[in-house]
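Enquirer: One file is attached below, work-v8.pdb, containing PDB, C-alpha atoms.
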MODEL        1
ATOM      1  CA  ARG A 224      36.919 -32.395  23.796  1.00  0.00           C
ATOM      2  CA  LYS A 225      35.861 -35.044  21.340  1.00  0.00           C
ATOM      3  CA  TRP A 226      36.323 -33.144  18.081  1.00  0.00           C
ATOM      4  CA  GLU A 227      38.250 -30.049  16.988  1.00  0.00           C
ATOM      5  CA  SER A 228      37.156 -28.214  13.841  1.00  0.00           C
ATOM      6  CA  GLY A 229      40.418 -26.294  13.547  1.00  0.00           C
ATOM      7  CA  GLU A 230      41.092 -22.623  14.014  1.00  0.00           C
ATOM      8  CA  LEU A 231      38.397 -20.415  12.441  1.00  0.00           C
ATOM      9  CA  SER A 232      36.819 -23.462  10.811  1.00  0.00           C
ATOM     10  CA  TRP A 233      33.405 -23.749  12.492  1.00  0.00           C
ATOM     11  CA  ASN A 234      31.211 -20.758  13.246  1.00  0.00           C
ATOM     12  CA  SER A 235      28.493 -21.461  15.783  1.00  0.00           C
ATOM     13  CA  ASP A 236      26.615 -18.341  14.609  1.00  0.00           C
ATOM     14  CA  THR A 237      25.913 -20.036  11.254  1.00  0.00           C
ATOM     15  CA  SER A 238      24.922 -23.396  12.774  1.00  0.00           C
ATOM     16  CA  LYS A 239      21.356 -24.613  13.283  1.00  0.00           C
ATOM     17  CA  LEU A 240      21.121 -27.788  15.349  1.00  0.00           C
ATOM     18  CA  THR A 241      18.549 -30.548  15.520  1.00  0.00           C
ATOM     19  CA  ALA A 242      18.505 -34.019  17.065  1.00  0.00           C
ATOM     20  CA  GLY A 243      17.045 -37.339  15.945  1.00  0.00           C
ATOM     21  CA  ASP A 244      17.878 -40.917  15.068  1.00  0.00           C
ATOM     22  CA  PHE A 245      19.112 -40.239  11.534  1.00  0.00           C
ATOM     23  CA  ASN A 246      20.601 -43.674  10.834  1.00  0.00           C
ATOM     24  CA  GLY A 247      18.001 -45.928  12.484  1.00  0.00           C
ATOM     25  CA  ASP A 248      20.265 -47.411  15.173  1.00  0.00           C
ATOM     26  CA  GLY A 249      18.084 -46.310  18.114  1.00  0.00           C
ATOM     27  CA  LYS A 250      20.569 -43.659  19.297  1.00  0.00           C
ATOM     28  CA  THR A 251      20.044 -39.893  19.132  1.00  0.00           C
ATOM     29  CA  ASP A 252      22.302 -38.185  16.584  1.00  0.00           C
ATOM     30  CA  ILE A 253      22.901 -34.469  16.042  1.00  0.00           C
ATOM     31  CA  GLY A 254      22.329 -32.716  12.735  1.00  0.00           C
ATOM     32  CA  VAL A 255      23.782 -29.297  11.955  1.00  0.00           C
ATOM     33  CA  LEU A 256      22.587 -27.149   9.061  1.00  0.00           C
ATOM     34  CA  TYR A 257      25.619 -24.975   8.373  1.00  0.00           C
ATOM     35  CA  GLY A 258      25.555 -21.727   6.413  1.00  0.00           C
ATOM     36  CA  TYR A 259      28.725 -21.099   4.398  1.00  0.00           C
ATOM     37  CA  SER A 260      27.407 -17.688   3.230  1.00  0.00           C
ATOM     38  CA  ARG A 261      27.331 -16.239  -0.252  1.00  0.00           C
ATOM     39  CA  GLN A 262      29.803 -17.745  -2.721  1.00  0.00           C
ATOM     40  CA  ASP A 263      31.823 -15.903  -5.365  1.00  0.00           C
ATOM     41  CA  ASP A 264      29.233 -16.839  -8.019  1.00  0.00           C
ATOM     42  CA  GLY A 265      26.438 -15.189  -5.975  1.00  0.00           C
ATOM     43  CA  THR A 266      24.773 -18.385  -4.750  1.00  0.00           C
ATOM     44  CA  ASN A 267      24.277 -19.257  -1.090  1.00  0.00           C
ATOM     45  CA  ARG A 268      25.969 -22.439   0.102  1.00  0.00           C
ATOM     46  CA  THR A 269      24.535 -24.577   2.898  1.00  0.00           C
ATOM     47  CA  GLY A 270      25.694 -27.953   4.210  1.00  0.00           C
ATOM     48  CA  LEU A 271      24.079 -30.567   6.415  1.00  0.00           C
ATOM     49  CA  TRP A 272      26.463 -32.261   8.856  1.00  0.00           C
ATOM     50  CA  LYS A 273      25.678 -35.349  10.939  1.00  0.00           C
ATOM     51  CA  PHE A 274      27.290 -36.254  14.249  1.00  0.00           C
ATOM     52  CA  SER A 275      26.323 -39.921  14.779  1.00  0.00           C
ATOM     53  CA  SER A 276      26.018 -41.215  18.318  1.00  0.00           C
ATOM     54  CA  ASN A 277      28.213 -44.147  19.303  1.00  0.00           C
ATOM     55  CA  GLY A 278      26.329 -44.717  22.569  1.00  0.00           C
ATOM     56  CA  THR A 279      28.754 -42.874  24.854  1.00  0.00           C
ATOM     57  CA  GLY A 280      29.545 -39.845  22.663  1.00  0.00           C
ATOM     58  CA  PHE A 281      29.556 -38.782  19.047  1.00  0.00           C
ATOM     59  CA  ASN A 282      31.638 -39.714  16.035  1.00  0.00           C
ATOM     60  CA  ALA A 283      33.410 -37.037  13.989  1.00  0.00           C
ATOM     61  CA  PRO A 284      30.959 -35.178  11.732  1.00  0.00           C
ATOM     62  CA  VAL A 285      30.161 -36.288   8.202  1.00  0.00           C
ATOM     63  CA  MET A 286      28.667 -33.984   5.581  1.00  0.00           C
ATOM     64  CA  SER A 287      25.400 -35.567   4.495  1.00  0.00           C
ATOM     65  CA  TRP A 288      24.284 -32.909   2.019  1.00  0.00           C
ATOM     66  CA  ASP A 289      25.834 -29.902   0.288  1.00  0.00           C
ATOM     67  CA  SER A 290      23.756 -27.378  -1.649  1.00  0.00           C
ATOM     68  CA  ASN A 291      26.851 -26.684  -3.740  1.00  0.00           C
ATOM     69  CA  ALA A 292      26.664 -30.193  -5.224  1.00  0.00           C
ATOM     70  CA  GLY A 293      24.146 -29.511  -7.966  1.00  0.00           C
ATOM     71  CA  PHE A 294      21.311 -28.137  -5.820  1.00  0.00           C
ATOM     72  CA  GLY A 295      21.953 -24.453  -6.574  1.00  0.00           C
ATOM     73  CA  SER A 296      21.502 -21.722  -4.031  1.00  0.00           C
ATOM     74  CA  TRP A 297      20.126 -22.545  -0.577  1.00  0.00           C
ATOM     75  CA  ASN A 298      19.287 -19.710   1.798  1.00  0.00           C
ATOM     76  CA  TRP A 299      20.482 -20.822   5.229  1.00  0.00           C
ATOM     77  CA  GLN A 300      18.991 -17.777   6.961  1.00  0.00           C
ATOM     78  CA  ALA A 301      15.486 -18.654   5.756  1.00  0.00           C
ATOM     79  CA  SER A 302      15.833 -22.315   6.834  1.00  0.00           C
ATOM     80  CA  LYS A 303      14.117 -23.652   9.927  1.00  0.00           C
ATOM     81  CA  LEU A 304      14.774 -27.097  11.373  1.00  0.00           C
ATOM     82  CA  ALA A 305      12.083 -29.225  12.976  1.00  0.00           C
TER      83      ALA A 305
ENDMDL
END
Rewrite the coordinates I just gave you, this time as structure tokens.
Expert:
Amino acid sequence: RKWESGELSWNSDTSKLTAGDFNGDGKTDIGVLYGYSRQDDGTNRTGLWKFSSNGTGFNAPVMSWDSNAGFGSWNWQASKLA
């Protein structure tokens, strides 16, 4: 195991995965669009996490985008990754 999210911290059912070279280093990284569900204020929260390749594995994930940071409501269920 390379990374542990903690007990009840990462739900694979609300994860949409994609792969690509997101940082331009020639290595394939993993992106995860993660649905946090409906918030108390009624908006939907979604985050984009990046697992960067180090050549032999992946670094711990870093949140690259959060719909809760001024972007309003983002419907994870209606999102499709290319």
Enquirer: For this structure, which residues satisfy the selection - the PyMOL selection byres ((chain A and resi 236) around 12) - when it is evaluated on the file as given? I want them as a PyMOL selection string.
Expert: chain A and resi 233-235+237-240+255-260+299-300
Enquirer: If the PyMOL selection byres ((chain A and resi 283) around 7) were run on this exact file, what residues would it hold? Put them as a VMD selection string.
Expert: chain A and resid 226 274 281 to 282 284 to 285
Enquirer: Could you tell me which of A:Lys250, A:Thr241, A:Arg261, A:Leu271 comes closest to Leu304 (chain A) if we count only C-alpha atoms?
Expert: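 Distance minimum relative to Leu304 (chain A) lands on A:Thr241.
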Enquirer: For Thr279 (chain A), which residue among A:Thr251, A:Gly293, A:Ser228, A:Ala305 is the nearest when counting all atoms listed in the file?
Expert: A:Thr251
Enquirer: Which residues are close to Ala242 (chain A), i.e. within 8 Å by all atoms listed in the file, leaving aside same-chain residues fewer than 5 positions away? Reply as a list in words.
Expert: Thr251, Asp252, Ile253 and Gly254 of chain A
